[in-house]
Structures are given as C-alpha cells and as structure tokens.
>>> print(open('upload.txt').read())   # compact mmCIF, C-alpha atoms
# COMPACT_ATOMS: atom_id res chain seq x y z
CA MET A 1 11.25 -67.87 34.68
CA ARG A 2 10.34 -64.20 34.62
CA ARG A 3 11.08 -64.06 30.89
CA ARG A 4 8.80 -67.05 30.27
CA SER A 5 5.90 -65.49 32.17
CA HIS A 6 6.54 -62.26 30.26
CA ILE A 7 6.23 -64.08 26.93
CA LEU A 8 3.15 -65.96 28.12
CA ARG A 9 1.49 -62.72 29.21
CA HIS A 10 2.17 -61.18 25.83
CA LEU A 11 0.85 -64.24 24.04
CA VAL A 12 -2.40 -64.05 26.00
CA MET A 13 -2.69 -60.32 25.27
CA ALA A 14 -2.00 -60.91 21.56
CA LEU A 15 -4.71 -63.58 21.52
CA VAL A 16 -7.23 -61.27 23.20
CA CYS A 17 -6.31 -58.49 20.74
CA ALA A 18 -6.79 -60.87 17.81
CA LEU A 19 -10.20 -61.91 19.15
CA MET A 20 -11.26 -58.28 19.50
CA LEU A 21 -10.06 -57.49 15.99
CA ILE A 22 -12.07 -60.31 14.38
CA PRO A 23 -15.17 -58.12 13.71
CA PHE A 24 -12.97 -55.47 12.08
CA TYR A 25 -11.24 -58.14 10.02
CA TRP A 26 -14.62 -59.51 8.95
CA VAL A 27 -15.80 -56.06 7.84
CA ALA A 28 -12.56 -55.47 5.90
CA LYS A 29 -12.68 -58.95 4.37
CA THR A 30 -16.28 -58.52 3.20
CA ALA A 31 -15.43 -55.08 1.83
CA VAL A 32 -12.81 -56.50 -0.52
CA THR A 33 -15.03 -59.34 -1.72
CA ASN A 34 -18.70 -59.73 -2.46
CA GLU A 35 -19.16 -62.66 -0.14
CA ASN A 36 -22.40 -63.31 1.61
CA ILE A 37 -21.79 -62.71 5.32
CA TYR A 38 -24.28 -65.44 6.21
CA ALA A 39 -22.56 -68.10 4.10
CA TYR A 40 -21.82 -71.31 5.96
CA PRO A 41 -19.18 -72.48 6.53
CA PRO A 42 -17.64 -69.00 6.66
CA ARG A 43 -14.49 -68.42 4.64
CA ILE A 44 -11.57 -67.18 6.75
CA LEU A 45 -9.48 -65.77 3.91
CA PRO A 46 -10.96 -63.53 1.20
CA LEU A 47 -11.45 -65.17 -2.18
CA LYS A 48 -10.29 -63.02 -5.14
CA PRO A 49 -10.03 -59.76 -3.17
CA HIS A 50 -10.48 -56.45 -5.03
CA LEU A 51 -11.05 -52.79 -4.23
CA TYR A 52 -13.85 -52.07 -6.69
CA ASN A 53 -16.44 -51.89 -3.92
CA PHE A 54 -14.70 -48.76 -2.65
CA VAL A 55 -14.91 -47.27 -6.16
CA ASP A 56 -18.64 -48.06 -6.26
CA VAL A 57 -19.20 -46.24 -2.97
CA TRP A 58 -17.22 -43.22 -4.13
CA TYR A 59 -19.23 -42.78 -7.31
CA LEU A 60 -22.71 -44.15 -6.58
CA ILE A 61 -23.40 -41.57 -3.88
CA PRO A 62 -21.89 -38.09 -3.33
CA PHE A 63 -19.31 -39.53 -0.94
CA ALA A 64 -16.91 -36.59 -1.21
CA ARG A 65 -19.71 -34.19 -0.24
CA TYR A 66 -20.73 -36.29 2.77
CA PHE A 67 -17.10 -36.64 3.75
CA ALA A 68 -16.53 -32.88 3.54
CA ASN A 69 -19.68 -32.26 5.62
CA SER A 70 -18.51 -34.71 8.27
CA VAL A 71 -15.05 -33.14 8.36
CA ILE A 72 -16.44 -29.59 8.72
CA VAL A 73 -18.89 -30.61 11.46
CA SER A 74 -16.20 -32.58 13.31
CA LEU A 75 -13.75 -29.68 13.14
CA ILE A 76 -16.35 -27.29 14.56
CA ALA A 77 -17.18 -29.80 17.31
CA VAL A 78 -13.50 -30.38 18.15
CA ALA A 79 -12.73 -26.63 18.27
CA GLY A 80 -15.81 -25.98 20.42
CA ASN A 81 -14.91 -28.84 22.75
CA ILE A 82 -11.39 -27.61 23.36
CA VAL A 83 -12.42 -24.00 24.04
CA PHE A 84 -15.63 -24.54 26.04
CA ASN A 85 -14.54 -27.65 27.93
CA ALA A 86 -11.20 -26.12 28.87
CA ALA A 87 -12.95 -23.00 30.15
CA ALA A 88 -15.51 -25.03 32.09
CA GLY A 89 -12.89 -27.45 33.43
CA TYR A 90 -10.71 -24.54 34.55
CA ALA A 91 -13.67 -22.88 36.27
CA LEU A 92 -14.39 -26.10 38.16
CA THR A 93 -10.87 -26.12 39.61
CA LYS A 94 -11.71 -22.84 41.39
CA ASN A 95 -13.62 -22.49 44.61
CA PHE A 96 -16.85 -20.56 44.19
CA ALA A 97 -20.28 -20.49 45.78
CA GLY A 98 -22.47 -23.31 44.47
CA LYS A 99 -19.59 -25.27 42.93
CA ARG A 100 -20.85 -28.48 44.47
CA ILE A 101 -24.31 -27.94 42.97
CA VAL A 102 -22.80 -27.22 39.55
CA VAL A 103 -20.73 -30.42 39.67
CA LEU A 104 -23.77 -32.40 40.83
CA LEU A 105 -25.81 -30.86 38.04
CA PHE A 106 -23.17 -31.84 35.49
CA LEU A 107 -23.00 -35.39 36.80
CA SER A 108 -26.77 -35.77 36.86
CA CYS A 109 -27.05 -34.38 33.32
CA MET A 110 -24.73 -37.17 32.19
CA LEU A 111 -27.47 -39.62 33.14
CA ILE A 112 -29.97 -38.08 30.72
CA PRO A 113 -29.76 -39.78 27.31
CA PHE A 114 -29.41 -37.49 24.32
CA GLN A 115 -32.60 -38.88 22.79
CA ALA A 116 -34.55 -37.35 25.67
CA THR A 117 -33.22 -33.88 24.87
CA ILE A 118 -33.72 -34.07 21.12
CA ILE A 119 -36.92 -31.99 21.00
CA PRO A 120 -35.64 -29.12 23.19
CA ALA A 121 -32.36 -29.19 21.26
CA TYR A 122 -34.27 -28.98 17.99
CA LEU A 123 -36.41 -26.09 19.23
CA VAL A 124 -33.36 -24.20 20.48
CA SER A 125 -31.60 -24.75 17.15
CA ALA A 126 -34.70 -23.56 15.29
CA ARG A 127 -34.85 -20.40 17.44
CA LEU A 128 -31.19 -19.75 16.75
CA GLY A 129 -31.82 -20.21 13.04
CA VAL A 130 -29.15 -22.88 12.63
CA LEU A 131 -31.29 -25.71 11.27
CA ASN A 132 -29.77 -27.35 8.21
CA SER A 133 -26.39 -25.69 8.82
CA TYR A 134 -22.93 -26.87 9.88
CA LEU A 135 -23.16 -24.93 13.14
CA GLY A 136 -26.51 -26.53 13.87
CA LEU A 137 -25.10 -30.00 13.16
CA ALA A 138 -22.23 -29.41 15.59
CA LEU A 139 -24.19 -27.48 18.22
CA PRO A 140 -25.07 -30.27 20.71
CA LEU A 141 -21.52 -31.58 20.52
CA LEU A 142 -19.78 -28.25 21.13
CA SER A 143 -19.32 -29.17 24.77
CA THR A 144 -19.52 -32.55 26.49
CA ILE A 145 -19.57 -33.11 30.22
CA VAL A 146 -17.18 -36.07 30.21
CA CYS A 147 -14.55 -33.96 28.49
CA ILE A 148 -15.07 -31.11 30.97
CA PHE A 149 -14.08 -33.49 33.75
CA VAL A 150 -11.08 -34.67 31.73
CA PHE A 151 -9.86 -31.06 31.61
CA LYS A 152 -10.72 -30.54 35.27
CA ALA A 153 -8.59 -33.56 36.27
CA ALA A 154 -5.71 -32.41 34.09
CA PHE A 155 -5.78 -28.83 35.46
CA GLU A 156 -5.92 -30.06 39.04
CA ALA A 157 -2.72 -32.04 38.44
CA ILE A 158 -0.84 -28.81 37.54
CA PRO A 159 0.84 -27.15 40.56
CA ALA A 160 -1.12 -24.13 41.81
CA SER A 161 2.15 -22.21 42.21
CA LEU A 162 2.33 -21.85 38.41
CA GLN A 163 -1.00 -20.05 38.33
CA GLN A 164 0.01 -17.88 41.26
CA ALA A 165 3.25 -16.93 39.52
CA ALA A 166 1.35 -16.06 36.35
CA ARG A 167 -1.10 -13.98 38.36
CA ILE A 168 1.74 -12.08 40.00
CA ASP A 169 3.10 -11.40 36.50
CA GLY A 170 -0.25 -9.80 35.71
CA LEU A 171 -1.94 -12.41 33.57
CA GLY A 172 -5.74 -12.56 33.59
CA GLU A 173 -7.67 -15.81 34.02
CA LEU A 174 -8.24 -16.36 30.30
CA ARG A 175 -4.56 -15.86 29.51
CA ILE A 176 -3.57 -18.17 32.37
CA LEU A 177 -5.90 -20.78 30.89
CA PHE A 178 -4.70 -20.53 27.31
CA ARG A 179 -1.02 -19.64 27.89
CA ILE A 180 -0.18 -21.66 31.01
CA MET A 181 -2.73 -24.40 31.65
CA LEU A 182 -3.59 -25.67 28.18
CA PRO A 183 0.03 -26.18 27.01
CA LEU A 184 0.56 -28.30 30.13
CA ALA A 185 -2.58 -30.36 29.52
CA LYS A 186 -1.76 -31.87 26.12
CA PRO A 187 -3.07 -35.36 26.98
CA ALA A 188 -6.40 -33.81 27.99
CA ILE A 189 -6.50 -31.89 24.70
CA ALA A 190 -5.76 -35.11 22.77
CA THR A 191 -8.52 -36.91 24.67
CA ASN A 192 -10.93 -34.10 23.87
CA ILE A 193 -9.96 -34.13 20.22
CA ILE A 194 -10.39 -37.89 19.86
CA LEU A 195 -13.63 -38.19 21.82
CA SER A 196 -15.33 -35.18 20.27
CA PHE A 197 -14.12 -36.17 16.79
CA ILE A 198 -15.41 -39.73 17.11
CA TRP A 199 -18.73 -38.65 18.64
CA SER A 200 -19.42 -36.03 16.01
CA TRP A 201 -18.12 -38.28 13.21
CA ASN A 202 -20.47 -41.11 14.19
CA ALA A 203 -23.49 -38.96 15.11
CA PHE A 204 -26.59 -40.18 13.32
CA LEU A 205 -29.79 -39.16 15.09
CA TRP A 206 -29.10 -35.44 15.42
CA PRO A 207 -27.94 -34.93 11.80
CA LEU A 208 -30.96 -36.97 10.67
CA ILE A 209 -33.30 -34.58 12.45
CA ILE A 210 -31.63 -31.28 11.75
CA THR A 211 -30.72 -31.65 8.06
CA ARG A 212 -33.34 -31.05 5.41
CA ASP A 213 -31.08 -30.92 2.41
CA VAL A 214 -29.30 -33.97 0.99
CA THR A 215 -26.20 -31.87 0.38
CA MET A 216 -25.93 -31.16 4.13
CA GLN A 217 -25.96 -34.80 5.15
CA THR A 218 -23.00 -36.42 6.89
CA LEU A 219 -21.43 -39.84 6.34
CA PRO A 220 -23.64 -41.86 8.72
CA LEU A 221 -26.72 -40.51 6.94
CA GLY A 222 -25.09 -41.29 3.61
CA LEU A 223 -24.54 -44.84 4.84
CA ALA A 224 -28.23 -45.18 5.69
CA ARG A 225 -29.17 -43.80 2.28
CA PHE A 226 -26.76 -46.14 0.56
CA LEU A 227 -28.20 -49.08 2.48
CA ALA A 228 -31.72 -48.08 1.41
CA TYR A 229 -30.78 -48.08 -2.27
CA VAL A 230 -28.20 -50.84 -2.56
CA GLU A 231 -29.67 -53.82 -0.78
CA ASP A 232 -27.88 -56.57 -2.61
CA THR A 233 -24.32 -55.32 -2.34
CA THR A 234 -22.93 -56.36 1.00
CA GLY A 235 -19.38 -55.77 -0.21
CA ALA A 236 -20.05 -52.15 -1.17
CA LEU A 237 -21.90 -51.56 2.09
CA TYR A 238 -18.95 -52.83 4.12
CA ALA A 239 -16.59 -50.81 1.95
CA PHE A 240 -18.64 -47.76 2.89
CA VAL A 241 -18.33 -48.71 6.56
CA CYS A 242 -14.54 -48.98 6.17
CA MET A 243 -14.39 -45.56 4.51
CA VAL A 244 -16.45 -44.04 7.33
CA LEU A 245 -14.32 -45.69 10.01
CA LEU A 246 -10.91 -44.99 8.53
CA PRO A 247 -10.50 -41.29 9.49
CA GLY A 248 -11.52 -42.01 13.10
CA ILE A 249 -9.08 -44.91 13.33
CA ILE A 250 -6.25 -42.78 11.88
CA VAL A 251 -6.95 -39.94 14.34
CA PHE A 252 -7.02 -42.42 17.21
CA LEU A 253 -3.80 -44.18 16.17
CA MET A 254 -2.00 -40.85 15.81
CA ALA A 255 -2.98 -39.64 19.27
CA GLN A 256 -3.50 -42.88 21.21
CA LYS A 257 -0.59 -42.27 23.59
CA GLU A 258 -1.89 -38.87 24.63
CA PHE A 259 -5.45 -40.20 24.64
CA ILE A 260 -4.69 -42.94 27.15
CA ARG A 261 -2.60 -40.57 29.27
CA GLY A 262 -5.44 -38.02 29.21
CA LEU A 263 -8.05 -40.54 30.28
CA THR A 264 -5.93 -41.95 33.09
CA SER A 265 -4.50 -38.68 34.45
CA GLY A 266 -5.99 -38.05 37.87
CA ALA A 267 -7.60 -41.48 37.87
CA THR A 268 -5.33 -42.78 40.64
CA LYS A 269 -5.37 -39.69 42.81
CA GLY A 270 -6.48 -40.33 46.38
CA MET B 1 8.52 -26.69 19.51
CA SER B 2 11.11 -26.49 16.73
CA THR B 3 10.26 -26.64 13.03
CA ARG B 4 12.14 -29.93 12.74
CA ALA B 5 10.12 -31.44 15.58
CA ILE B 6 6.87 -30.31 13.91
CA LEU B 7 7.91 -31.69 10.51
CA THR B 8 8.84 -35.09 11.96
CA SER B 9 5.77 -35.30 14.20
CA ARG B 10 3.23 -37.97 13.23
CA PHE B 11 0.52 -35.31 13.40
CA PHE B 12 2.25 -33.66 10.43
CA VAL B 13 3.71 -36.70 8.63
CA VAL B 14 0.49 -38.78 8.42
CA PRO B 15 -1.75 -35.98 7.01
CA ALA B 16 1.10 -34.91 4.69
CA ILE B 17 1.43 -38.45 3.27
CA ALA B 18 -2.36 -38.66 2.89
CA ILE B 19 -2.51 -35.33 1.06
CA ALA B 20 0.48 -36.21 -1.17
CA THR B 21 -1.13 -39.55 -2.09
CA LEU B 22 -4.40 -37.79 -2.84
CA ILE B 23 -2.72 -35.26 -5.12
CA ALA B 24 -0.72 -37.97 -6.94
CA TRP B 25 -3.85 -40.08 -7.45
CA ASN B 26 -5.84 -37.12 -8.76
CA LEU B 27 -3.06 -36.24 -11.20
CA TYR B 28 -3.04 -39.83 -12.45
CA VAL B 29 -6.83 -39.80 -12.80
CA ALA B 30 -6.77 -36.48 -14.67
CA ALA B 31 -4.26 -37.94 -17.14
CA HIS B 32 -6.23 -41.14 -17.78
CA ALA B 33 -9.89 -40.14 -17.59
CA HIS B 34 -10.96 -39.35 -21.14
CA GLY B 35 -13.83 -41.82 -21.21
CA GLU B 36 -12.39 -43.90 -24.06
CA VAL B 37 -13.50 -47.51 -24.19
CA SER B 38 -12.14 -49.52 -27.09
CA GLY B 39 -11.93 -53.17 -28.03
CA LYS B 40 -12.69 -55.78 -30.60
CA VAL B 41 -15.66 -57.99 -31.36
CA VAL B 42 -15.06 -61.42 -32.85
CA ARG B 43 -17.24 -64.31 -33.91
CA ALA B 44 -17.09 -67.66 -32.18
CA ASP B 45 -14.49 -68.86 -34.68
CA GLY B 46 -12.24 -65.88 -33.86
CA ALA B 47 -12.87 -63.92 -37.05
CA PRO B 48 -13.56 -60.17 -36.63
CA ALA B 49 -17.28 -59.39 -36.48
CA ARG B 50 -17.85 -56.53 -38.87
CA GLY B 51 -20.99 -54.45 -38.37
CA ALA B 52 -21.75 -55.81 -34.89
CA THR B 53 -23.54 -53.45 -32.54
CA VAL B 54 -21.90 -52.71 -29.19
CA ILE B 55 -24.08 -51.12 -26.51
CA LEU B 56 -22.61 -49.33 -23.52
CA TYR B 57 -24.59 -49.35 -20.28
CA GLU B 58 -23.66 -47.25 -17.27
CA ARG B 59 -24.16 -48.28 -13.67
CA ASN B 60 -26.04 -45.91 -11.38
CA LEU B 61 -27.41 -46.05 -7.85
CA THR B 62 -31.08 -46.60 -8.51
CA SER B 63 -31.47 -48.41 -11.80
CA HIS B 64 -28.30 -50.50 -12.01
CA PHE B 65 -27.41 -50.43 -15.72
CA LEU B 66 -28.85 -47.82 -18.05
CA GLU B 67 -28.09 -47.64 -21.76
CA LYS B 68 -25.81 -44.73 -22.53
CA THR B 69 -24.76 -45.12 -26.13
CA ARG B 70 -24.14 -47.65 -28.91
CA THR B 71 -21.83 -48.04 -31.87
CA THR B 72 -21.00 -50.52 -34.63
CA THR B 73 -17.72 -52.25 -35.31
CA ASP B 74 -15.53 -51.52 -38.33
CA ALA B 75 -14.10 -54.00 -40.84
CA ALA B 76 -11.52 -55.21 -38.30
CA GLY B 77 -14.28 -55.77 -35.72
CA GLU B 78 -13.01 -52.89 -33.61
CA PHE B 79 -15.12 -50.31 -31.78
CA ARG B 80 -14.49 -47.22 -29.70
CA PHE B 81 -16.59 -45.16 -27.30
CA LYS B 82 -15.36 -41.70 -26.39
CA ASP B 83 -17.89 -40.47 -23.87
CA ASN B 84 -18.05 -42.97 -21.01
CA ARG B 85 -18.46 -41.10 -17.73
CA SER B 86 -19.09 -44.06 -15.44
CA HIS B 87 -16.88 -46.19 -13.20
CA GLN B 88 -18.78 -49.38 -13.96
CA ILE B 89 -20.08 -50.25 -17.41
CA ARG B 90 -21.61 -53.16 -19.22
CA LEU B 91 -20.96 -53.91 -22.87
CA ASP B 92 -23.56 -55.85 -24.81
CA THR B 93 -22.99 -57.04 -28.33
CA ILE B 94 -25.44 -57.87 -31.11
CA GLY B 95 -24.01 -59.57 -34.15
CA PRO B 96 -24.88 -58.58 -37.74
CA ASP B 97 -27.21 -61.58 -37.80
CA GLY B 98 -29.05 -60.31 -34.68
CA ARG B 99 -27.62 -62.86 -32.26
CA GLN B 100 -26.57 -61.49 -28.91
CA GLY B 101 -23.20 -62.06 -27.38
CA GLN B 102 -22.28 -62.56 -23.76
CA PRO B 103 -22.49 -59.18 -21.93
CA ARG B 104 -19.35 -58.08 -20.17
CA ILE B 105 -19.22 -55.94 -17.05
CA LEU B 106 -16.18 -53.71 -16.64
CA ARG B 107 -15.33 -52.31 -13.23
CA LEU B 108 -12.97 -49.38 -13.53
CA TRP B 109 -10.71 -47.74 -10.96
CA PHE B 110 -12.27 -44.33 -11.55
CA ALA B 111 -15.01 -42.74 -13.62
CA ALA B 112 -14.24 -42.25 -17.31
CA GLN B 113 -11.09 -44.36 -17.10
CA ASP B 114 -9.60 -45.09 -20.52
CA VAL B 115 -9.80 -48.80 -21.17
CA ASP B 116 -8.77 -51.06 -24.00
CA LEU B 117 -10.26 -54.54 -23.78
CA ARG B 118 -7.62 -57.24 -23.77
CA ARG B 119 -10.05 -60.06 -24.44
CA PRO B 120 -12.35 -59.43 -27.40
CA LEU B 121 -16.12 -59.57 -27.07
CA VAL B 122 -17.63 -62.61 -28.73
CA VAL B 123 -20.88 -62.67 -30.68
CA SER B 124 -22.76 -65.78 -31.68
CA PRO B 125 -21.04 -67.85 -29.01
CA SER B 126 -20.83 -71.54 -29.61
CA LYS B 127 -23.31 -73.62 -27.66
CA ASN B 128 -20.78 -76.00 -26.08
>>> encode(input="upload.txt", output="structure tokens")
Amino acid sequence: MRRRSHILRHLVMALVCALMLIPFYWVAKTAVTNENIYAYPPRILPLKPHLYNFVDVWYLIPFARYFANSVIVSLIAVAGNIVFNAAAGYALTKNFAGKRIVVLLFLSCMLIPFQATIIPAYLVSARLGVLNSYLGLALPLLSTIVCIFVFKAAFEAIPASLQQAARIDGLGELRILFRIMLPLAKPAIATNIILSFIWSWNAFLWPLIITRDVTMQTLPLGLARFLAYVEDTTGALYAFVCMVLLPGIIVFLMAQKEFIRGLTSGATKG
Amino acid sequence: MSTRAILTSRFFVVPAIAIATLIAWNLYVAAHAHGEVSGKVVRADGAPARGATVILYERNLTSHFLEKTRTTTDAAGEFRFKDNRSHQIRLDTIGPDGRQGQPRILRLWFAAQDVDLRRPLVVSPSKN
C-alpha cells in the first residue's frame, strides 16, 4: 500500500516536472528546426532537426565576445557577492547599536525596484569613472540583500562556541569569517554563487544603460541586437536563447544540492 | 579536501570535460578550415557543363547573401573556390548559354569549412 502511494506520488511529481519543462522543450525544439512557433496544429516532435541555427548565431554576431563579457561580469559579481555579502551577513549576526534599524533598512530597500534606482546608480558609476567598463557592469550586483540574509542565516546556525574558541586562539574578526565561518557555510556560498551568477548573467537594463561600446555588450544585449537584425529566423533566435541559458543551467545543475540546502537553512528555525 | 576528491568533484569534472571538448573541436576546425569549396556542374542530361559560371555568395547579418567571388568550370565541369570565409554560402550557376541553374545553399559546421559537393550543381534544368 505504502509502495503504491510512493509510486503514485512520484508519477504525479514526474507529470508536474514534465509540464514545467514544456516551455524549455519548445525552445529547444524550435532551436533545432526552423518551425514557425505559431503554426497550428503545433508539431510535438521536431521535423528534420539540425544544429545549423547554433552555427548561425556563433558567426552572425560576435557571440564569443559577448560570451566573454558576460563571463567576466558574472565572475566579478560572484566574487563581490561572496566577499561583501559574507562580511555583511557576519556583521548582522553580531549585536550592535542600531542593528534593528540596519536590518529594517535592508528589508525596506528590497521593496524598491532596481528600475527606480537606475538614475542614481548611473550617476554614481559616472562619478566613479566606471561607465562602459566591466567593473561598472558588475557594480550594482556586487552585493545583494537577499544573499546577505542567506549568509546571516547560515552563520547563525554555526555554534557560537566555535567563534569564541577562535577568538581565544587570537584570531581577528576577518580571519574568523574567512577561516572559520565561510568553510562551514558552503551551501550559503553555493546559493550566493548561483543567484548572483544568474542575476548578472541575465541582466539587461543595466548593461543597456551603462555600455556605450558594442564590444562591451553582454549576451542579453547581443540577443536584443540579434532580434533587431534577424527577424525572420525564429530557429536562430531560439538557438541564441539556448546558448545564453546553457551556462546558467549547467552552474545550477552542478550546485543544486548546495543551493537548495543554502536556501532552506534556517528556514525552519523557531 | 584531498586532490583525489577535487579531481572527482563535479565542479572540476564538468568544466574539464567542457574545456577538453572545446579544445578538441577547435583542433578539428583548425585542420579542416581552409575555405575550399569544390564540386561539379552538369547539364540536365548529366553531361559536364564546361565553361559554366559558379558564383559564391556569403551570408552575413544585415544583407543575407552577398556575392564574394566567381569562377568557371573546367572541361570536366569541375570548379573550386579557395577563399570561402563564411559558414553559410549560396552557389549560383550560369550555364555557357546564359541559363541559370537552381541556386544551392550550403550550411557549414564552421566558417571556411572545406566542402566537396556530393550532388553536382545542375544548369539548364529540365522544365518537368
């Protein structure tokens, strides 16, 4: 009886998974054909699939350049997120005057959409002289409030006695953070890596505003440019989408276990 | 973390496989990207079309196909281009009598891929 309900539960979950994967399947299917996505009745299986659309994308636009730009910006954003968020999350585990106000400020800032801060962010970047640069592209994503709280939750789950022991051994706060706390917060690091990577990888509006040079553009901007030029090639467009998505999916699949653990750690604490 | 654990970790294995595949593919491309496009032009009856003009068009982002170069076939109806730099080309043929053949679009796996047409180009195609 229990076995039967187990199988039934898995069947339902498999069905839900399949339903959620349909849009991805449709994108992949269109990418390997040149089918019209509005054709009726829709074809379930691809007819004469091929990979030439991917070749078109690679050569018709400077894909490698856009890809390299996206990788560099994402790496800067990921590195910044780990360092700054870990430091901020660690600070929030301490008791200090005005901590409540700082936490409230963080939480209220999460309510402000990024679009509303675009102009100040642009002006700050201009003052810093980082317009049209990799650092400028990564700047607003160097620290994200959600990820600060992920680190905070992870650090709070570590016994305080470890920190006290380290302090007795003469370690300073920074060394406690990087030598003791961070190695014990691997799921939080994985969560930070995945979230910051995906956010910076998919960022469109900020790179659109801050880049002036075509050679500094990232993949989402390249996708928009490609769409502007190649209107009649749905297959190539979807191939481009697949190529943009693939690195993010690979990073997620590699670290999904840690990612889920990082997001759920501290979630059930009373 | 031991060296063995690092080497067998998916964070090492997946990027390593990706990099190895990339290197192997680039080596293959380097060995087969001389830009040579060769083939044969025949008449509708299958006889070699001597003196037919073959025009090579290259695909680009803004203007689709743009003429790159042209050549004429030899006595055996064969032709060869040596400077194709594109990944997608179109070959047009004009017979010695001025009649145009059916254009053929070739989609290649990489730019300047060496290609030898298996099916010959046909000029003066029959009307049926």
>>> atom_distance(input="upload.txt", atom1="CA of Ser70 in chain A", atom2="CA of Val214 in chain A")
13.0 Å
>>> residues_around(input="upload.txt", residues="range 56-64 of chain B", least_positions_apart="6", cutoff="9 Å", atoms="all atoms listed in the file", output="number ranges by chain")
A: 59-61, 226, 229-230; B: 70-71, 81, 84-92
>>> closest_residue(input="upload.txt", among="B:Arg50, B:Lys82, B:Lys68, B:Arg4", to="Val37 in chain B", atoms="only C-alpha atoms")
B:Lys82
>>> interface_residues(input="upload.txt", of="chain A", to="chain B", cutoff="12 Å", atoms="all atoms listed in the file", output="count of residues only")
34
>>> residues_around(input="upload.txt", residues="range 197-204 of chain A", least_positions_apart="5", cutoff="10 Å", atoms="only C-alpha atoms", output="PDB file with C-alpha atoms, keeping the file's coordinate frame")
ATOM      1  CA  PHE A  67     -17.100 -36.640   3.750  1.00  0.00           C
ATOM      2  CA  ASN A  69     -19.680 -32.260   5.620  1.00  0.00           C
ATOM      3  CA  SER A  70     -18.510 -34.710   8.270  1.00  0.00           C
ATOM      4  CA  VAL A  71     -15.050 -33.140   8.360  1.00  0.00           C
ATOM      5  CA  ILE A  72     -16.440 -29.590   8.720  1.00  0.00           C
ATOM      6  CA  VAL A  73     -18.890 -30.610  11.460  1.00  0.00           C
ATOM      7  CA  SER A  74     -16.200 -32.580  13.310  1.00  0.00           C
ATOM      8  CA  LEU A  75     -13.750 -29.680  13.140  1.00  0.00           C
ATOM      9  CA  ILE A  76     -16.350 -27.290  14.560  1.00  0.00           C
ATOM     10  CA  ALA A  77     -17.180 -29.800  17.310  1.00  0.00           C
ATOM     11  CA  VAL A  78     -13.500 -30.380  18.150  1.00  0.00           C
ATOM     12  CA  ALA A  79     -12.730 -26.630  18.270  1.00  0.00           C
ATOM     13  CA  ASN A  81     -14.910 -28.840  22.750  1.00  0.00           C
ATOM     14  CA  LEU A 137     -25.100 -30.000  13.160  1.00  0.00           C
ATOM     15  CA  ALA A 138     -22.230 -29.410  15.590  1.00  0.00           C
ATOM     16  CA  PRO A 140     -25.070 -30.270  20.710  1.00  0.00           C
ATOM     17  CA  LEU A 141     -21.520 -31.580  20.520  1.00  0.00           C
ATOM     18  CA  LEU A 142     -19.780 -28.250  21.130  1.00  0.00           C
ATOM     19  CA  THR A 144     -19.520 -32.550  26.490  1.00  0.00           C
ATOM     20  CA  THR A 191      -8.520 -36.910  24.670  1.00  0.00           C
ATOM     21  CA  ASN A 192     -10.930 -34.100  23.870  1.00  0.00           C
ATOM     22  CA  ILE A 209     -33.300 -34.580  12.450  1.00  0.00           C
ATOM     23  CA  GLN A 217     -25.960 -34.800   5.150  1.00  0.00           C
ATOM     24  CA  THR A 218     -23.000 -36.420   6.890  1.00  0.00           C
ATOM     25  CA  LEU A 219     -21.430 -39.840   6.340  1.00  0.00           C
ATOM     26  CA  PRO A 220     -23.640 -41.860   8.720  1.00  0.00           C
ATOM     27  CA  LEU A 221     -26.720 -40.510   6.940  1.00  0.00           C
ATOM     28  CA  GLY A 222     -25.090 -41.290   3.610  1.00  0.00           C
ATOM     29  CA  LEU A 223     -24.540 -44.840   4.840  1.00  0.00           C
ATOM     30  CA  ALA A 224     -28.230 -45.180   5.690  1.00  0.00           C
ATOM     31  CA  VAL A 244     -16.450 -44.040   7.330  1.00  0.00           C
ATOM     32  CA  LEU A 245     -14.320 -45.690  10.010  1.00  0.00           C
ATOM     33  CA  PRO A 247     -10.500 -41.290   9.490  1.00  0.00           C
ATOM     34  CA  GLY A 248     -11.520 -42.010  13.100  1.00  0.00           C
ATOM     35  CA  ILE A 249      -9.080 -44.910  13.330  1.00  0.00           C
ATOM     36  CA  VAL A 251      -6.950 -39.940  14.340  1.00  0.00           C
ATOM     37  CA  PHE A 252      -7.020 -42.420  17.210  1.00  0.00           C
TER      38      PHE A 252
END
